[in-house]
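Report on the structure given below.
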Amino acid sequence: MVPVLRFDGKVVVVTGASRGLGRAMALGFAEAGADVVVSSRKQESCEAVAAEIRAAGGRARAVACHVGDWAQCGRLIAATVESFAKVDVLVNNAGIAPVPPSLLGVTEDLYAKTMDVNFKGPLRLMALAAEHMAPGSAVINISSKASLRPSPFTVVYAAAKAAQNVLTRAAAQEYGPRGIRVNAIVCGTFHTDSFHRSAPTEEMRRDLAARVSLGRIADPDEIVGTALFLASDAASYLSGELITLDGGGS
Ligand SMILES: NC(=O)c1ccc[n+]([C@@H]2O[C@H](COP(=O)([O-])OP(=O)(O)OC[C@H]3O[C@@H](n4cnc5c(N)ncnc54)[C@H](OP(=O)(O)O)[C@@H]3O)[C@@H](O)[C@H]2O)c1
């Protein structure tokens, strides 16, 4: 039987879901039938996305969570289980990429925040979510091409995402015997707020697009198909993989 990318009756938690790639994935999973927990730091922004899902006939709950905070990670998973009794899919999407001027310009605060949001949070959320996952469940970590090809300005972010890649492979081994798959999407460049902050002018964006094989920067919606595939039974034998989604490379 050919598996279909439907998620009716499945519970999907997406962090960083108020904007950008997270919002696109939250809406995508909802359209595919899932009950979605929409999370980011700001309750109001999550409520707006949850309302969008409900207006389209789906089920959603908004739960604020700063993923760099150990206790808030616990509250996000507890709230999910309280509302929906289980977790089928966790999408560790929330991330930050502050740019220090130089290695000497890396402050202790920038270092701690970058590692906490991009690595500590995904680790803690995955560990907690797995306690409520049945065989067939999946975790998707949203990583970055920077983790494979770092530059001095992105060193802390790149290292945090490289740690997330390691987490993906290690967790796939730990949870494999329980039938839980763990994969990462290693993102190239997408039109989101964080990208537009790092490339503020049209000229910069054109230059970056010209280096991509497909000749353009991706729309946020273009992550949805890969996320649905990785979370679905169509990927039932795929675990511990880093899937690069970058328009054919640069
Ligand atoms: N866009 C790209 O080109 C690109 C490339 C490579 C990798 N990525 C990765 O893709 C993911 C999404 O990026 P994006 O471009 O969609 O980012 P974005 O547009 O800046 O959105 C970030 C999202 O994360 C939330 N967020 C920020 N800090 C948070 C925290 N501490 N705890 C919980 N939520 C937090 C934000 O909402 P609140 O402000 O309400 O918290 C927002 O919903 C990130 O992991 C990023 O590293 C993106």
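Chain labels follow the order of the structure tokens: the first chain is A, the next B, and so on; residue numbering restarts at 1 in every chain, and ligands are counted from 1 in their shown order.
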Within 7 Å of ligand 1 (only C-alpha atoms and all ligand atoms), residues as an MDAnalysis selection string: chainID A and resid 15:23 39:42 45 65:68 93:97 117:118 142:145 186:195
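Excluding Tyr111 in chain A itself and same-chain residues fewer than 6 positions from it, the residues having an atom within 12 Å of it are Ile96, Ala97, Pro98, Val99, Pro100, Leu103, Leu104, Gly105, Val117, Asn118, Phe119, Thr154, Val155, Val156, Tyr157, Ala158, Ala159 and Ala160 of chain A, counting only C-alpha atoms.
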For those residues, write C-alpha atoms to a file as a CSV table (one decimal), in the first residue's frame.
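Output contents, as saved in out.csv:
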chain,number,residue,atom,x,y,z
A,96,ILE,CA,18.0,32.2,16.6
A,97,ALA,CA,21.0,33.2,14.7
A,98,PRO,CA,22.6,36.3,16.2
A,99,VAL,CA,25.7,37.5,14.3
A,100,PRO,CA,28.7,38.6,16.4
A,103,LEU,CA,35.1,35.9,17.6
A,104,LEU,CA,36.2,38.4,20.2
A,105,GLY,CA,32.8,40.0,19.9
A,117,VAL,CA,17.6,28.0,21.9
A,118,ASN,CA,19.2,25.9,19.1
A,119,PHE,CA,20.5,22.9,21.1
A,154,THR,CA,28.0,32.3,12.3
A,155,VAL,CA,30.3,30.2,14.4
A,156,VAL,CA,28.2,29.9,17.5
A,157,TYR,CA,24.9,29.3,15.6
A,158,ALA,CA,26.7,26.9,13.3
A,159,ALA,CA,28.1,25.0,16.2
A,160,ALA,CA,24.7,24.9,18.0
Please identify which residues in range 182-248 of chain A DSSP calls helix (DSSP H, G or I) from the backbone, and express them as a PyMOL selection string. chain A and resi 193-198+202-210+220-231+233-235
Please, which residues of range 39-143 of chain A, numbered as in this document, come out strand (DSSP E or B) from DSSP, as a PDB file with C-alpha atoms, in the first residue's frame?
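Generated file (out-v5.pdb):
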ATOM      1  CA  ARG A  59      -7.892  21.758  15.916  1.00  0.00           C
ATOM      2  CA  ALA A  60      -5.097  23.759  17.539  1.00  0.00           C
ATOM      3  CA  ARG A  61      -3.878  24.955  20.920  1.00  0.00           C
ATOM      4  CA  ALA A  62      -1.503  27.862  21.461  1.00  0.00           C
ATOM      5  CA  VAL A  89       5.307  14.484  15.995  1.00  0.00           C
ATOM      6  CA  LEU A  90       7.652  17.066  17.507  1.00  0.00           C
ATOM      7  CA  VAL A  91       9.090  19.710  15.182  1.00  0.00           C
ATOM      8  CA  ASN A  92      12.033  21.421  16.897  1.00  0.00           C
ATOM      9  CA  ALA A 138       8.697  11.143  14.704  1.00  0.00           C
ATOM     10  CA  VAL A 139      10.913  14.061  15.669  1.00  0.00           C
ATOM     11  CA  ILE A 140      12.080  16.611  13.088  1.00  0.00           C
ATOM     12  CA  ASN A 141      14.907  18.974  13.970  1.00  0.00           C
ATOM     13  CA  ILE A 142      15.244  22.090  11.846  1.00  0.00           C
ATOM     14  CA  SER A 143      18.941  22.570  11.196  1.00  0.00           C
TER      15      SER A 143
END
What does the distance from CA of Ile53 in chain A to CA of Ser137 in chain A come to in Å, to one decimal? 22.1 Å
Pairwise distance, CA of Ala34 in chain A with CA of Gln72 in chain A, equals 23.3 Å
Give me, as a ChimeraX atom specification, all polymer residues having an atom no more than 12 Å from Ser250 in chain A, counting only C-alpha atoms and skipping those fewer than 2 positions away in the same chain. /A:145,149,188-189,207-217,244-248
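With CA of Gly74 in chain A on one side and CA of Leu128 in chain A on the other, the separation reads 7.0 Å.
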Nearest-residue call for Leu148 in chain A, choices A:Ala172, A:Leu5, A:Gly249, A:Val12, using only C-alpha atoms: A:Gly249
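Ranking A:Ala78, A:Ala56, A:Ala171, A:Ile180 by their shortest atom-to-atom distance to Asp233 in chain A, with only C-alpha atoms included, puts A:Ile180 first.
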